[in-house]
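**Student:** Pasting in a structure now, in structure tokens, and then I'll have a few things to ask.
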Number of protein chains: 2
Amino acid sequence: MARHTAPPPPFPRLEPFKVACSTCCLRHICLPTGLAPAEIEQLERMVHGRRVVPRNTVLFHAGETFESIYVVRTGFFKTSAIAEDGRDQVTGFQMAAELLGLDGICGGAHTCTAVALEDSQVCVIPYAKLDDLSRDFEQLQQQFHRLMSREIVREQQVLLMLGAMRAEQRVIAFLMNLLKRLQVRGFSSSSVVLRMTREEIGSYLGLTLETISRTLSKLQDEGMLEIRAREVRLLKQRQLSQLVRQAA
Amino acid sequence: MARHTAPPPPFPRLEPFKVACSTCCLRHICLPTGLAPAEIEQLERMVHGRRVVPRNTVLFHAGETFESIYVVRTGFFKTSAIAEDGRDQVTGFQMAAELLGLDGICGGAHTCTAVALEDSQVCVIPYAKLDDLSRDFEQLQQQFHRLMSREIVREQQVLLMLGAMRAEQRVIAFLMNLLKRLQVRGFSSSSVVLRMTREEIGSYLGLTLETISRTLSKLQDEGMLEIRAREVRLLKQRQLSQLVRQAA
DNA sequence: CGTCTAATTGAACATCGTCAATACTTGTGG
DNA sequence: CCACAAGTATTGACGATGTTCAATTAGACG
């Protein structure tokens with residue numbers, strides 16, 4: 001987790017080329033969902049550009065003034081926040097078409113830090129402009145509200161996980177959640193390449209890295225899944241999802 | 001019957017059925033924040049009315065079609081959701097001026113159940129109308145976005161708590177959070193009347209009711225606080241907040 | 001190919017959960 | 001207003017789950 005101290009802040013690199021929501025393969029699950037072609041064109045003009053975020057670099061820091069929200073275009077991110085006791089804890093992982101920075105709206109400053117876990121690209125959406133535009137386009141406003149609400153629901157589900165599940169259940173639920181999100185994006189429906197370390201998984205799930213490691217090993221011994229370094233292949237999804245459903 | 005607790009009720013208990021945001025004592029922390037008088041008037045007209053929710057009755061059920069969001073006017077609520085293993089887990093507690101139902105926006109159905117923990121009243125705000133009106137009033141839109149974002153941040157803070165804090169720290173953090181929110185609303189800054197059972201606190205904090213009870217007793221033995229049934233008086237807030245800050 | 005980080009595994013220990021017995025509150029009807 | 005019942009809270013003993021510390025191995029990257 002000494003990641004933040006890594007390379008110094010890179011200059012925000014904005015791509016010169018035009019953003020093209022209308023032809024983006026993510027348009028069906030991203031902000032443009034539900035918009036008419038003419039509206040999408042306006043949305044494109046609003047997007048400030050793309051920003052390249054190399055692996056292990058920071059997209060935004062907790063405490064930084066909030067100005068834009070970001071949509072992951074390619075790559076993978078983690079967000080982390082400083083707990084009251086000073087620990088840096090992972091609060092989420094984000095992949096393509098997921099939003100980053102929504103927490104900054106309420107106080108005008110980001111409350112978490114976003115770091116790319118692999119070379120990534122994000123679309124930069126100036127929040128003030130999004131607000132303006134969504135006052136003109138009902139569909140855009142509704143989609144934005146849905147996405148914010150989805151964030152609330154997603155966090156609620158994590159709460160449910162942290163509140164009552166045991167280690168094994170948390171790890172399985174985590175893997176299956178990743179898988180489901182990847183599946184929606186057209187990736188394999190049985191294997192995941194983990195972009196994060198055991199320590200980061202542990203931090204997210206409220207467990208230690210040792211427990212993550214042990215749990216994965218145990219599930220492998222039982223033939224439930226197969227681990228090769230950071231690639232996890234879920235072999236018996238039905239049984240795995242049943243394990244999650246079982247009461248503690 | 002007249003159980004005299006420290007905090008004097010700062011809000012009038014008796015009210016007509018017409019909604020009057022402009023004279024409501026909560027207007028500075030509620031939806032109308034930032035609106036011009038004329039705009040507030042329009043907002044009032046939009047609010048569908050008030051709804052009385054007696055103690056232990058349901059405001060909305062998980063799975064119910066989402067149509068309105070609610071603002072707590074008086075009283076106290078809990079929200080709970082069904083975890084994958086079938087357990088009913090408390091996901092939050094809401095007091096005056098806090099919103100209920102935001103999770104329903106993304107999927108068109110409520111994802112949690114809201115129950116009044118004391119006789120309560122809520123303002124009913126049809127979501128479709130709120131969307132319409134907020135397209136006309138920039139300030140209303142912004143305030144609504146802030147409130148949704150606040151919900152995201154609030155849940156993030158709970159994540160931080162569940163992820164790494166030990167039982168004692170969770171209980172203290174919980175009490176101090178309640179206190180802070182009550183303080184903003186003009187209540188006592190040192191004592192809280194717990195509207196929920198130990199079991200509900202435990203469910204929320206990912207602990208058992210026994211652990212809650214033991215922890216409170218221990219803190220009382222140490223002179224940190226004083227418990228009389230459901231009234232908790234925090235005696236040494238400085239030391240308590242330091243306990244939370246301490247690494248596990 | 002060597003160094004550094006990440007991951008695995010073991011053993012001892014701490015925290016919290018479970019089960020159980022008891023006491024206290026609160027609400028109800030006599 | 002009191003007595004009783006149901007729900008809620010406290011407390012103890014014991015055990016399970018997950019943490020901590022430590023040693024070792026495997027991978028990643030220059």
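Ligands are numbered from 1 in the order shown, chains are lettered A, B, ... in the order of the structure tokens, and residues start at 1 in each chain.
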Just need the residues of chain A within 6 Å of chain B, counting only C-alpha atoms, so spit them out as a PyMOL selection string.
**Tutor:** chain A and resi 83-85+103+105-106+135+146+149-150+152-153+160+163-164+206+245-247
**Student:** Could you turn the residues from that selection into a file that holds C-alpha atoms, as a PDB file, in the first residue's frame?
**Tutor:**
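Writing done, so here's part_0.pdb:
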ATOM      1  CA  ALA A  83      -9.888   5.618   8.135  1.00  0.00           C
ATOM      2  CA  GLU A  84     -10.063   7.540  11.400  1.00  0.00           C
ATOM      3  CA  ASP A  85      -7.181   5.539  12.756  1.00  0.00           C
ATOM      4  CA  ASP A 103     -18.329  11.267  -3.524  1.00  0.00           C
ATOM      5  CA  ILE A 105     -20.125  16.358  -5.119  1.00  0.00           C
ATOM      6  CA  CYS A 106     -21.414  16.807  -1.608  1.00  0.00           C
ATOM      7  CA  ARG A 135     -31.035  20.236 -17.041  1.00  0.00           C
ATOM      8  CA  ARG A 146     -29.536   6.067 -11.851  1.00  0.00           C
ATOM      9  CA  SER A 149     -28.197   5.470  -7.076  1.00  0.00           C
ATOM     10  CA  ARG A 150     -26.407   2.389  -8.371  1.00  0.00           C
ATOM     11  CA  ILE A 152     -25.460   3.725  -3.269  1.00  0.00           C
ATOM     12  CA  VAL A 153     -26.847   0.245  -3.855  1.00  0.00           C
ATOM     13  CA  LEU A 160     -24.157  -6.528   3.824  1.00  0.00           C
ATOM     14  CA  GLY A 163     -21.611  -6.996   8.248  1.00  0.00           C
ATOM     15  CA  ALA A 164     -22.309 -10.665   8.454  1.00  0.00           C
ATOM     16  CA  GLY A 206     -12.060  -6.321   5.997  1.00  0.00           C
ATOM     17  CA  ARG A 245     -26.095 -18.176   0.516  1.00  0.00           C
ATOM     18  CA  GLN A 246     -25.497 -20.450   3.456  1.00  0.00           C
ATOM     19  CA  ALA A 247     -26.084 -18.878   6.827  1.00  0.00           C
TER      20      ALA A 247
END
**Student:** Please return, as an mmCIF file with N, CA and C atoms (P, O5', C5', C4', C3', O3' and C1' of nucleotides), in the first residue's frame, all residues of chain D lying within 8 Å of chain B when only C-alpha atoms (C1' of nucleotides) are considered.
**Tutor:**
data_model
loop_
_atom_site.group_PDB
_atom_site.id
_atom_site.type_symbol
_atom_site.label_atom_id
_atom_site.label_comp_id
_atom_site.auth_asym_id
_atom_site.auth_seq_id
_atom_site.Cartn_x
_atom_site.Cartn_y
_atom_site.Cartn_z
ATOM 1 P P DT D 8 -37.952 -6.523 21.537
ATOM 2 O "O5'" DT D 8 -36.881 -6.186 22.665
ATOM 3 C "C5'" DT D 8 -37.146 -5.120 23.549
ATOM 4 C "C4'" DT D 8 -36.030 -5.053 24.572
ATOM 5 C "C3'" DT D 8 -34.614 -5.104 23.991
ATOM 6 O "O3'" DT D 8 -33.953 -3.911 24.389
ATOM 7 C "C1'" DT D 8 -34.834 -6.550 25.839
ATOM 8 P P DA D 9 -32.407 -3.664 24.088
ATOM 9 O "O5'" DA D 9 -31.710 -4.208 25.414
ATOM 10 C "C5'" DA D 9 -31.993 -3.574 26.647
ATOM 11 C "C4'" DA D 9 -31.138 -4.184 27.727
ATOM 12 C "C3'" DA D 9 -29.633 -4.244 27.426
ATOM 13 O "O3'" DA D 9 -28.969 -3.608 28.510
ATOM 14 C "C1'" DA D 9 -30.423 -6.355 28.171
ATOM 15 P P DT D 10 -27.380 -3.442 28.514
ATOM 16 O "O5'" DT D 10 -26.939 -4.610 29.496
ATOM 17 C "C5'" DT D 10 -27.419 -4.609 30.829
ATOM 18 C "C4'" DT D 10 -26.954 -5.855 31.541
ATOM 19 C "C3'" DT D 10 -25.437 -6.084 31.526
ATOM 20 O "O3'" DT D 10 -25.010 -6.145 32.878
ATOM 21 C "C1'" DT D 10 -26.616 -8.076 31.017
#
**Student:** Determine which residues of region 51-149 of chain A DSSP labels as helix (DSSP H, G or I) from the backbone of this structure, then write them out as a list of chain:residue names.
**Tutor:**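 Helix (DSSP H, G or I) members of region 51-149 of chain A, listed: A:Leu102, A:Asp103, A:Gly104, A:Tyr127, A:Ala128, A:Lys129, A:Leu130, A:Asp131, A:Asp132, A:Leu133, A:Ser134, A:Arg135, A:Asp136, A:Glu138, A:Gln139, A:Leu140, A:Gln141, A:Gln142, A:Gln143, A:Phe144, A:His145, A:Arg146, A:Leu147, A:Met148, A:Ser149.
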**Student:** Considering only C-alpha atoms (C1' of nucleotides), give me a table of residues in chain C that are at most 12 Å from chain A, with the closest atom pair and distance in Å for each, as a Markdown table.
**Tutor:**
| residue | atom | partner | partner_atom | distance |
| --- | --- | --- | --- | --- |
| C:DT5 | C1' | A:Thr197 | CA | 10.7 |
| C:DA6 | C1' | A:Thr197 | CA | 7.5 |
| C:DA7 | C1' | A:Ser213 | CA | 7.2 |
| C:DT8 | C1' | A:Ser213 | CA | 6.9 |
| C:DT9 | C1' | A:Arg214 | CA | 8.1 |
| C:DG10 | C1' | A:Arg214 | CA | 11.3 |
| C:DG17 | C1' | A:Ala248 | CA | 10.7 |
| C:DT18 | C1' | A:Ala248 | CA | 11.7 |
**Student:** When DSSP is applied to the backbone of this structure, which of region 79-236 of chain A are assigned strand (DSSP E)? Write them out as a CSV table (one decimal) with all heavy atoms, in the first residue's frame.
**Tutor:**
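File produced: selection_18.csv:
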chain,number,residue,atom,x,y,z
A,79,THR,N,-10.2,2.6,-5.4
A,79,THR,CA,-10.4,3.8,-4.6
A,79,THR,C,-10.1,3.5,-3.1
A,79,THR,O,-10.4,2.4,-2.7
A,79,THR,CB,-11.8,4.4,-4.7
A,79,THR,OG1,-12.7,3.4,-4.4
A,79,THR,CG2,-12.0,5.0,-6.0
A,80,SER,N,-9.4,4.4,-2.4
A,80,SER,CA,-9.2,4.1,-1.0
A,80,SER,C,-9.3,5.4,-0.2
A,80,SER,O,-9.2,6.5,-0.7
A,80,SER,CB,-7.7,3.6,-0.8
A,80,SER,OG,-6.8,4.5,-1.3
A,81,ALA,N,-9.7,5.2,1.1
A,81,ALA,CA,-9.9,6.3,1.9
A,81,ALA,C,-9.1,6.1,3.2
A,81,ALA,O,-8.8,5.0,3.6
A,81,ALA,CB,-11.4,6.5,2.2
A,82,ILE,N,-8.8,7.2,3.9
A,82,ILE,CA,-8.1,7.1,5.2
A,82,ILE,C,-9.1,6.9,6.3
A,82,ILE,O,-10.0,7.8,6.5
A,82,ILE,CB,-7.3,8.4,5.4
A,82,ILE,CG1,-6.3,8.7,4.2
A,82,ILE,CG2,-6.5,8.3,6.7
A,82,ILE,CD1,-5.2,7.8,4.1
A,88,ASP,N,-5.1,3.3,5.5
A,88,ASP,CA,-5.5,3.5,4.2
A,88,ASP,C,-6.3,2.3,3.8
A,88,ASP,O,-5.8,1.2,3.8
A,88,ASP,CB,-4.3,3.7,3.2
A,88,ASP,CG,-4.7,4.2,1.9
A,88,ASP,OD1,-5.4,5.2,1.9
A,88,ASP,OD2,-4.3,3.6,0.9
A,89,GLN,N,-7.6,2.4,3.6
A,89,GLN,CA,-8.5,1.2,3.3
A,89,GLN,C,-9.1,1.3,1.9
A,89,GLN,O,-9.6,2.4,1.5
A,89,GLN,CB,-9.5,1.1,4.4
A,89,GLN,CG,-10.4,-0.1,4.2
A,89,GLN,CD,-11.4,-0.2,5.3
A,89,GLN,OE1,-11.1,0.1,6.5
A,89,GLN,NE2,-12.6,-0.6,5.0
A,90,VAL,N,-9.1,0.2,1.2
A,90,VAL,CA,-9.7,0.2,-0.1
A,90,VAL,C,-11.2,0.2,0.0
A,90,VAL,O,-11.8,-0.6,0.8
A,90,VAL,CB,-9.3,-1.1,-0.9
A,90,VAL,CG1,-10.0,-1.2,-2.2
A,90,VAL,CG2,-7.7,-1.1,-1.1
A,91,THR,N,-11.9,1.1,-0.7
A,91,THR,CA,-13.3,1.2,-0.6
A,91,THR,C,-14.0,0.7,-1.9
A,91,THR,O,-15.2,0.6,-1.9
A,91,THR,CB,-13.7,2.7,-0.4
A,91,THR,OG1,-13.2,3.5,-1.4
A,91,THR,CG2,-13.3,3.2,1.0
A,92,GLY,N,-13.2,0.5,-3.0
A,92,GLY,CA,-13.9,0.0,-4.2
A,92,GLY,C,-12.9,-0.3,-5.3
A,92,GLY,O,-11.8,0.2,-5.3
A,93,PHE,N,-13.4,-1.1,-6.2
A,93,PHE,CA,-12.6,-1.3,-7.5
A,93,PHE,C,-13.5,-0.9,-8.6
A,93,PHE,O,-14.7,-1.3,-8.6
A,93,PHE,CB,-12.2,-2.8,-7.6
A,93,PHE,CG,-11.3,-3.3,-6.5
A,93,PHE,CD1,-11.8,-4.1,-5.5
A,93,PHE,CD2,-10.0,-2.9,-6.5
A,93,PHE,CE1,-10.9,-4.5,-4.4
A,93,PHE,CE2,-9.1,-3.3,-5.5
A,93,PHE,CZ,-9.6,-4.1,-4.4
A,94,GLN,N,-13.0,-0.3,-9.6
A,94,GLN,CA,-13.8,0.2,-10.7
A,94,GLN,C,-13.2,-0.3,-12.1
A,94,GLN,O,-12.0,-0.2,-12.3
A,94,GLN,CB,-13.8,1.8,-10.7
A,94,GLN,CG,-14.6,2.3,-9.5
A,94,GLN,CD,-13.7,2.4,-8.3
A,94,GLN,OE1,-12.5,2.3,-8.4
A,94,GLN,NE2,-14.3,2.4,-7.1
A,99,LEU,N,-18.2,4.9,-12.8
A,99,LEU,CA,-17.9,6.3,-12.5
A,99,LEU,C,-17.0,6.4,-11.3
A,99,LEU,O,-17.0,5.6,-10.4
A,99,LEU,CB,-19.2,7.0,-12.2
A,99,LEU,CG,-19.9,7.7,-13.4
A,99,LEU,CD1,-20.2,6.7,-14.5
A,99,LEU,CD2,-21.1,8.4,-13.0
A,100,LEU,N,-16.2,7.4,-11.4
A,100,LEU,CA,-15.3,7.7,-10.3
A,100,LEU,C,-15.5,9.2,-9.8
A,100,LEU,O,-15.6,10.0,-10.7
A,100,LEU,CB,-13.8,7.5,-10.7
A,100,LEU,CG,-13.3,6.1,-10.7
A,100,LEU,CD1,-12.0,6.0,-11.6
A,100,LEU,CD2,-13.0,5.7,-9.3
A,113,THR,N,-9.1,8.5,-2.7
A,113,THR,CA,-8.0,8.6,-3.7
A,113,THR,C,-8.2,7.5,-4.7
A,113,THR,O,-8.5,6.3,-4.3
A,113,THR,CB,-6.7,8.4,-3.0
A,113,THR,OG1,-6.5,9.4,-2.0
A,113,THR,CG2,-5.5,8.4,-4.0
A,114,ALA,N,-8.1,7.8,-6.0
A,114,ALA,CA,-8.3,6.8,-7.0
A,114,ALA,C,-6.9,6.5,-7.7
A,114,ALA,O,-6.2,7.4,-8.1
A,114,ALA,CB,-9.3,7.3,-8.1
A,115,VAL,N,-6.6,5.3,-7.7
A,115,VAL,CA,-5.3,4.8,-8.3
A,115,VAL,C,-5.5,3.8,-9.4
A,115,VAL,O,-6.4,2.9,-9.2
A,115,VAL,CB,-4.4,4.2,-7.2
A,115,VAL,CG1,-3.1,3.7,-7.8
A,115,VAL,CG2,-4.1,5.2,-6.1
A,116,ALA,N,-4.9,3.9,-10.5
A,116,ALA,CA,-5.0,2.9,-11.6
A,116,ALA,C,-4.2,1.7,-11.2
A,116,ALA,O,-3.0,1.8,-10.8
A,116,ALA,CB,-4.5,3.5,-12.9
A,120,SER,N,-4.5,2.8,-17.7
A,120,SER,CA,-5.9,3.0,-17.9
A,120,SER,C,-6.2,4.3,-18.7
A,120,SER,O,-5.3,5.2,-18.8
A,120,SER,CB,-6.6,3.1,-16.6
A,120,SER,OG,-6.4,1.9,-15.8
A,121,GLN,N,-7.4,4.5,-19.1
A,121,GLN,CA,-7.9,5.7,-19.7
A,121,GLN,C,-9.2,6.1,-19.1
A,121,GLN,O,-10.1,5.2,-18.9
A,121,GLN,CB,-8.1,5.6,-21.2
A,121,GLN,CG,-6.8,5.7,-22.0
A,121,GLN,CD,-7.1,5.6,-23.5
A,121,GLN,OE1,-8.1,6.1,-23.9
A,121,GLN,NE2,-6.2,5.0,-24.2
A,122,VAL,N,-9.4,7.4,-18.8
A,122,VAL,CA,-10.7,7.8,-18.3
A,122,VAL,C,-11.3,8.9,-19.2
A,122,VAL,O,-10.5,9.7,-19.8
A,122,VAL,CB,-10.7,8.3,-16.8
A,122,VAL,CG1,-10.3,7.1,-15.9
A,122,VAL,CG2,-9.7,9.5,-16.7
A,123,CYS,N,-12.6,9.1,-19.2
A,123,CYS,CA,-13.2,10.2,-19.8
A,123,CYS,C,-13.4,11.2,-18.7
A,123,CYS,O,-13.9,10.9,-17.6
A,123,CYS,CB,-14.5,9.9,-20.5
A,123,CYS,SG,-14.3,8.8,-21.9
A,124,VAL,N,-13.0,12.5,-19.0
A,124,VAL,CA,-13.1,13.5,-17.9
A,124,VAL,C,-14.4,14.3,-18.2
A,124,VAL,O,-14.6,14.9,-19.3
A,124,VAL,CB,-11.9,14.5,-18.0
A,124,VAL,CG1,-12.0,15.5,-16.9
A,124,VAL,CG2,-10.6,13.7,-17.9
A,125,ILE,N,-15.3,14.4,-17.2
A,125,ILE,CA,-16.6,15.1,-17.4
A,125,ILE,C,-16.7,16.2,-16.3
A,125,ILE,O,-16.9,15.9,-15.2
A,125,ILE,CB,-17.7,14.1,-17.2
A,125,ILE,CG1,-17.6,13.0,-18.2
A,125,ILE,CG2,-19.1,14.8,-17.4
A,125,ILE,CD1,-18.7,12.0,-18.1
A,126,PRO,N,-16.5,17.4,-16.8
A,126,PRO,CA,-16.6,18.5,-15.8
A,126,PRO,C,-18.0,18.5,-15.2
A,126,PRO,O,-19.0,18.6,-15.9
A,126,PRO,CB,-16.4,19.8,-16.7
A,126,PRO,CG,-15.7,19.3,-17.9
A,126,PRO,CD,-16.2,17.9,-18.1
A,191,SER,N,-13.4,-17.0,-15.7
A,191,SER,CA,-12.0,-16.7,-15.1
A,191,SER,C,-11.8,-15.2,-15.0
A,191,SER,O,-12.2,-14.4,-15.8
A,191,SER,CB,-10.9,-17.4,-15.9
A,191,SER,OG,-10.6,-16.6,-17.0
A,192,VAL,N,-11.1,-14.8,-14.0
A,192,VAL,CA,-10.8,-13.5,-13.7
A,192,VAL,C,-9.3,-13.3,-13.5
A,192,VAL,O,-8.6,-14.1,-12.9
A,192,VAL,CB,-11.4,-13.0,-12.3
A,192,VAL,CG1,-11.4,-11.5,-12.2
A,192,VAL,CG2,-12.8,-13.6,-12.2
A,193,VAL,N,-8.7,-12.2,-14.1
A,193,VAL,CA,-7.4,-11.9,-13.8
A,193,VAL,C,-7.4,-10.8,-12.7
A,193,VAL,O,-7.9,-9.7,-13.0
A,193,VAL,CB,-6.6,-11.4,-15.0
A,193,VAL,CG1,-5.2,-10.9,-14.6
A,193,VAL,CG2,-6.5,-12.5,-16.0
A,225,LEU,N,-12.1,-23.9,-7.3
A,225,LEU,CA,-11.5,-23.0,-8.2
A,225,LEU,C,-10.1,-23.3,-8.5
A,225,LEU,O,-9.5,-24.2,-7.8
A,225,LEU,CB,-11.7,-21.5,-7.8
A,225,LEU,CG,-11.4,-21.2,-6.3
A,225,LEU,CD1,-9.9,-21.1,-6.1
A,225,LEU,CD2,-12.0,-19.9,-6.0
A,226,GLU,N,-9.5,-22.6,-9.4
A,226,GLU,CA,-8.1,-22.9,-9.8
A,226,GLU,C,-7.4,-21.6,-9.8
A,226,GLU,O,-7.8,-20.6,-10.4
A,226,GLU,CB,-8.1,-23.5,-11.2
A,226,GLU,CG,-7.0,-24.5,-11.4
A,226,GLU,CD,-7.2,-25.1,-12.8
A,226,GLU,OE1,-7.3,-24.3,-13.8
A,226,GLU,OE2,-7.3,-26.4,-12.9
A,227,ILE,N,-6.2,-21.5,-9.1
A,227,ILE,CA,-5.5,-20.3,-9.1
A,227,ILE,C,-4.1,-20.5,-9.8
A,227,ILE,O,-3.4,-21.5,-9.5
A,227,ILE,CB,-5.2,-19.8,-7.6
A,227,ILE,CG1,-6.4,-20.0,-6.7
A,227,ILE,CG2,-4.7,-18.4,-7.6
A,227,ILE,CD1,-6.1,-19.8,-5.3
A,228,ARG,N,-3.8,-19.6,-10.7
A,228,ARG,CA,-2.5,-19.6,-11.2
A,228,ARG,C,-2.0,-18.1,-11.2
A,228,ARG,O,-2.4,-17.3,-12.0
A,228,ARG,CB,-2.5,-20.1,-12.7
A,228,ARG,CG,-2.1,-21.6,-12.7
A,228,ARG,CD,-2.0,-22.2,-14.1
A,228,ARG,NE,-1.6,-21.2,-15.1
A,228,ARG,CZ,-1.9,-21.4,-16.4
A,228,ARG,NH1,-2.6,-22.4,-16.8
A,228,ARG,NH2,-1.5,-20.5,-17.3
A,231,GLU,N,-4.5,-15.3,-11.8
A,231,GLU,CA,-5.6,-15.7,-12.6
A,231,GLU,C,-6.4,-16.7,-11.8
A,231,GLU,O,-5.9,-17.7,-11.3
A,231,GLU,CB,-5.2,-16.3,-13.9
A,231,GLU,CG,-6.4,-16.5,-14.8
A,231,GLU,CD,-6.1,-17.2,-16.2
A,231,GLU,OE1,-4.9,-17.2,-16.5
A,231,GLU,OE2,-7.0,-17.7,-16.8
A,232,VAL,N,-7.7,-16.4,-11.6
A,232,VAL,CA,-8.6,-17.3,-10.9
A,232,VAL,C,-9.6,-17.8,-11.8
A,232,VAL,O,-10.3,-17.1,-12.5
A,232,VAL,CB,-9.3,-16.6,-9.7
A,232,VAL,CG1,-10.2,-17.5,-8.9
A,232,VAL,CG2,-8.2,-16.0,-8.7
A,233,ARG,N,-9.8,-19.1,-11.8
A,233,ARG,CA,-10.8,-19.7,-12.7
A,233,ARG,C,-11.8,-20.4,-11.7
A,233,ARG,O,-11.5,-21.3,-11.0
A,233,ARG,CB,-10.2,-20.8,-13.6
A,233,ARG,CG,-11.2,-21.6,-14.4
A,233,ARG,CD,-10.4,-22.5,-15.4
A,233,ARG,NE,-9.7,-21.8,-16.4
A,233,ARG,CZ,-10.3,-21.4,-17.6
A,233,ARG,NH1,-11.5,-21.8,-17.8
A,233,ARG,NH2,-9.6,-20.7,-18.4
A,234,LEU,N,-13.1,-20.0,-11.8
A,234,LEU,CA,-14.1,-20.5,-11.0
A,234,LEU,C,-14.6,-21.8,-11.6
A,234,LEU,O,-15.2,-21.8,-12.7
A,234,LEU,CB,-15.2,-19.5,-10.8
A,234,LEU,CG,-14.8,-18.2,-10.1
A,234,LEU,CD1,-16.0,-17.4,-9.7
A,234,LEU,CD2,-14.0,-18.4,-8.9
**Student:** Give me the residues near region 12-21 of chain D as a count of residues only, where near means some atom within 10 Å (using only C-alpha atoms (C1' of nucleotides)) and where sequence neighbours in that chain fewer than 3 positions away do not count.
**Tutor:** 17
**Student:** May I have the residues within 10 Å of Arg181 (chain B) as a list of chain:residue names, using only C-alpha atoms (C1' of nucleotides) and disregarding those fewer than 5 positions away in the same chain?
**Tutor:**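 With the cut-off at 10 Å, the set is B:Gln94, B:Met95, B:Ala96, B:Met176, B:Gly186, B:Phe187, B:Ser189.
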**Student:** Those same residues - C-alpha atoms - I'd like them written as a PDB file, in the first residue's frame.
**Tutor:**
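Produced file part_19.pdb, reproduced below:
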ATOM      1  CA  GLN B  94     -32.192   8.098   9.577  1.00  0.00           C
ATOM      2  CA  MET B  95     -33.260  11.174  11.500  1.00  0.00           C
ATOM      3  CA  ALA B  96     -34.890  14.508  10.654  1.00  0.00           C
ATOM      4  CA  MET B 176     -20.302   9.821  18.244  1.00  0.00           C
ATOM      5  CA  GLY B 186     -30.026  21.320  17.932  1.00  0.00           C
ATOM      6  CA  PHE B 187     -30.100  18.467  20.400  1.00  0.00           C
ATOM      7  CA  SER B 189     -24.185  17.492  22.525  1.00  0.00           C
TER       8      SER B 189
END
**Student:** Taking only C-alpha atoms into account, name the residue in A:Val72, A:Leu175, A:Cys25, A:Val184 that is nearest to Gln237 (chain A).
**Tutor:** A:Leu175
**Student:** Which distance in Å separates CA of Arg195 (chain B) and CA of Leu179 (chain B), to one decimal?
**Tutor:**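 About the pair CA of Arg195 (chain B) and CA of Leu179 (chain B): they are 12.6 Å apart.
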